[in-house]
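To keep things clear, I will list the structure first and then write my remarks on it.
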Amino acid sequence: MEDTRTHILDTGRALTAQRGYTAVGLSELLKTAGVPKGSFYHYFPSKEAFGCALLDAYVAQYRKDLAQTLGAEGRPAAARLLAYFECWRERQMNANAEDKCLVVKLSAEIADLSPDMRGILNDGVARIVERLANTMREGQADGSVNPALDPQRTATTLYQIWLGASLMAKLSGTSDPFDQAIASTQLLLA
């Protein structure tokens with residue numbers, strides 16, 4: 001039974017990553033997933049509840065991915081931070097929509113649509129920023145990050161820079177905004 005729920009969420013993630021949340025209708029989701037309407041409503045009382053579950057699953061997976069890049073053993077914290085942002089660049093420049101960040105894709109779309117979905121993304125972003133700040137603290141301890149930085153403020157600034165770079169790269173169709181973001185990141189951490 002959980003497999004059907006997961007299958008619906010995985011199918012919804014793929015469709016949402018390609019076209020956005022509001023552009024994906026329930027009929028299309030069910031047809032693509034190959035499940036009847038009753039199965040959907042067995043797991044999700046509404047499309048908004050489905051959207052919340054989709055974002056919860058995405059945020060949970062993203063946090064696991066963070067542990068792999070930011071928690072990598074044997075590397076200075078600054079190198080781990082730069083590796084995280086390089087991965088961000090690679091994901092956002094990848095032609096496969098499913099590899100791209102749903103925070104980038106959906107933030108503006110759902111901010112006014114659903115307070116619950118907005119809350120999930122906002123909480124997810126806060127946890128990402130906190131993980132970045134903790135990695136900066138580790139970098140200050142290992143000497144790879146500027147000790148004069150306020151880790152929380154710098155993590156917030158870096159996340160905002162990269163979120164903006166993602167939007168600008170989407171508009172321009174080039175990696176130039178990411179080149180500027182990585183240069184700014186290196187400058188801030190030094």
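Residues in the structure tokens are named by chain (A, B, ... in the order shown) and by number from 1 within that chain; ligands are numbered from 1 in the order shown.
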### Who sits within 7 Å of Ala83 of chain A, only C-alpha atoms, same chain under 4 positions skipped, as a VMD selection string
chain A and resid 69 79 87
### Task
Excluding Lys100 of chain A and residues on its chain fewer than 3 positions from it, collect all residues at most 12 Å away from it, counting only C-alpha atoms, and give them as a PyMOL selection string.
chain A and resi 13-14+16-20+58+62+87-97+103-106+163+166-167+170
Go ahead and write the selection's residues with C-alpha atoms as an mmCIF file, in the first residue's frame.
data_model
loop_
_atom_site.group_PDB
_atom_site.id
_atom_site.type_symbol
_atom_site.label_atom_id
_atom_site.label_comp_id
_atom_site.auth_asym_id
_atom_site.auth_seq_id
_atom_site.Cartn_x
_atom_site.Cartn_y
_atom_site.Cartn_z
ATOM 1 C CA ARG A 13 7.355 15.054 -8.348
ATOM 2 C CA ALA A 14 8.370 14.358 -11.938
ATOM 3 C CA THR A 16 5.644 19.091 -10.944
ATOM 4 C CA ALA A 17 9.353 19.479 -11.657
ATOM 5 C CA GLN A 18 8.595 19.722 -15.356
ATOM 6 C CA ARG A 19 5.636 22.085 -15.323
ATOM 7 C CA GLY A 20 4.898 23.374 -11.843
ATOM 8 C CA TYR A 58 11.308 16.361 -1.160
ATOM 9 C CA TYR A 62 17.164 16.968 0.313
ATOM 10 C CA CYS A 87 26.335 20.440 -6.942
ATOM 11 C CA TRP A 88 23.622 23.095 -6.829
ATOM 12 C CA ARG A 89 24.962 24.586 -10.062
ATOM 13 C CA GLU A 90 25.124 21.180 -11.739
ATOM 14 C CA ARG A 91 21.562 20.276 -10.730
ATOM 15 C CA GLN A 92 20.116 23.584 -11.865
ATOM 16 C CA MET A 93 21.959 23.535 -15.210
ATOM 17 C CA ASN A 94 20.993 19.917 -15.852
ATOM 18 C CA ALA A 95 18.427 19.466 -18.644
ATOM 19 C CA ASN A 96 16.512 16.940 -16.528
ATOM 20 C CA ALA A 97 13.797 18.888 -14.706
ATOM 21 C CA VAL A 103 12.305 25.290 -3.800
ATOM 22 C CA VAL A 104 13.480 27.243 -6.841
ATOM 23 C CA LYS A 105 10.678 25.869 -9.015
ATOM 24 C CA LEU A 106 7.754 26.285 -6.631
ATOM 25 C CA LEU A 163 18.406 31.129 -5.074
ATOM 26 C CA SER A 166 19.060 29.969 -10.048
ATOM 27 C CA LEU A 167 16.290 32.299 -11.148
ATOM 28 C CA LYS A 170 16.742 30.220 -15.793
#
### Query
Please, what distance in Å, to one decimal, runs between atom CA of Tyr43 of chain A and atom CA of Asp99 of chain A?
25.3 Å
Using 9 Å as the limit and counting only C-alpha atoms, can you tabulate each residue of segment 51-73 of chain A that touches segment 118-127 of chain A, with its shortest atom-to-atom distance in Å and the two atoms involved, as JSON lines?
{"residue": "A:Cys52", "atom": "CA", "partner": "A:Ile120", "partner_atom": "CA", "distance": 7.1}
{"residue": "A:Leu55", "atom": "CA", "partner": "A:Ile120", "partner_atom": "CA", "distance": 6.7}
{"residue": "A:Asp56", "atom": "CA", "partner": "A:Ile120", "partner_atom": "CA", "distance": 6.7}
{"residue": "A:Val59", "atom": "CA", "partner": "A:Gly124", "partner_atom": "CA", "distance": 5.8}
{"residue": "A:Ala60", "atom": "CA", "partner": "A:Gly124", "partner_atom": "CA", "distance": 8.4}
{"residue": "A:Tyr62", "atom": "CA", "partner": "A:Gly124", "partner_atom": "CA", "distance": 8.8}
{"residue": "A:Arg63", "atom": "CA", "partner": "A:Arg127", "partner_atom": "CA", "distance": 8.2}
Once you have the residues from the selection above, write them out as a PDB file, in the first residue's frame, restricted to C-alpha atoms.
ATOM      1  CA  CYS A  52       2.203  19.011   1.238  1.00  0.00           C
ATOM      2  CA  LEU A  55       7.111  18.767  -0.418  1.00  0.00           C
ATOM      3  CA  ASP A  56       7.627  16.878   2.854  1.00  0.00           C
ATOM      4  CA  VAL A  59      12.610  18.217   1.911  1.00  0.00           C
ATOM      5  CA  ALA A  60      13.396  14.933   3.696  1.00  0.00           C
ATOM      6  CA  TYR A  62      17.164  16.968   0.313  1.00  0.00           C
ATOM      7  CA  ARG A  63      18.277  16.812   3.948  1.00  0.00           C
TER       8      ARG A  63
END
### Query
What separation in Å, quoted to one decimal, exists between atom CA of Val24 of chain A and atom CA of Pro45 of chain A?
16.9 Å
For segment 70-72 of chain A, work out the shell of residues within 7 Å, counting only C-alpha atoms and skipping chain neighbours fewer than 4 positions away, then give it as a PDB file with N, CA and C atoms, in the first residue's frame.
ATOM      1  N   LEU A  66      22.057  16.584   1.742  1.00  0.00           N
ATOM      2  CA  LEU A  66      22.936  17.546   2.422  1.00  0.00           C
ATOM      3  C   LEU A  66      23.973  16.839   3.280  1.00  0.00           C
ATOM      4  N   ARG A  80      33.724  21.536   1.584  1.00  0.00           N
ATOM      5  CA  ARG A  80      32.401  20.905   1.577  1.00  0.00           C
ATOM      6  C   ARG A  80      31.324  21.902   1.165  1.00  0.00           C
ATOM      7  N   LEU A  81      31.438  23.129   1.651  1.00  0.00           N
ATOM      8  CA  LEU A  81      30.480  24.166   1.255  1.00  0.00           C
ATOM      9  C   LEU A  81      30.557  24.443  -0.243  1.00  0.00           C
ATOM     10  N   TYR A  84      28.989  21.657  -2.159  1.00  0.00           N
ATOM     11  CA  TYR A  84      27.527  21.761  -2.115  1.00  0.00           C
ATOM     12  C   TYR A  84      27.021  22.734  -3.169  1.00  0.00           C
ATOM     13  N   THR A 135      28.005  24.134   9.137  1.00  0.00           N
ATOM     14  CA  THR A 135      29.208  23.787   8.380  1.00  0.00           C
ATOM     15  C   THR A 135      30.191  24.949   8.405  1.00  0.00           C
TER      16      THR A 135
END
### Å distance separating atom CA of Lys37 of chain A from atom CA of Leu9 of chain A, one decimal place
14.0 Å
### Query
Could you pull the residues within 12 Å of Ala183 of chain A, counting only C-alpha atoms, minus those fewer than 2 positions along the same chain, as a list in words?
Leu82, Phe85, Glu86, Leu158, Ile161, Trp162, Ala165, Asp176, Pro177, Phe178, Asp179, Gln180, Ala181, Thr185, Gln186, Leu187, Leu188, Leu189 and Ala190 of chain A
### Task
List every residue of chain A that DSSP, applied to the backbone of this structure, assigns to alpha helix (DSSP H), and report them as JSON, numbers by chain.
{"A": [2, 3, 4, 5, 6, 7, 8, 9, 10, 11, 12, 13, 14, 15, 16, 17, 18, 19, 26, 27, 28, 29, 30, 31, 32, 33, 37, 38, 39, 40, 41, 42, 43, 47, 48, 49, 50, 51, 52, 53, 54, 55, 56, 57, 58, 59, 60, 61, 62, 63, 64, 65, 66, 67, 68, 69, 70, 77, 78, 79, 80, 81, 82, 83, 84, 85, 86, 87, 88, 89, 90, 91, 92, 93, 102, 103, 104, 105, 106, 107, 108, 109, 110, 111, 115, 116, 117, 118, 119, 120, 121, 122, 123, 124, 125, 126, 127, 128, 129, 130, 131, 132, 133, 134, 135, 136, 137, 138, 139, 140, 141, 142, 151, 152, 153, 154, 155, 156, 157, 158, 159, 160, 161, 162, 163, 164, 165, 166, 167, 168, 169, 170, 171, 172, 176, 177, 178, 179, 180, 181, 182, 183, 184, 185, 186, 187, 188, 189]}
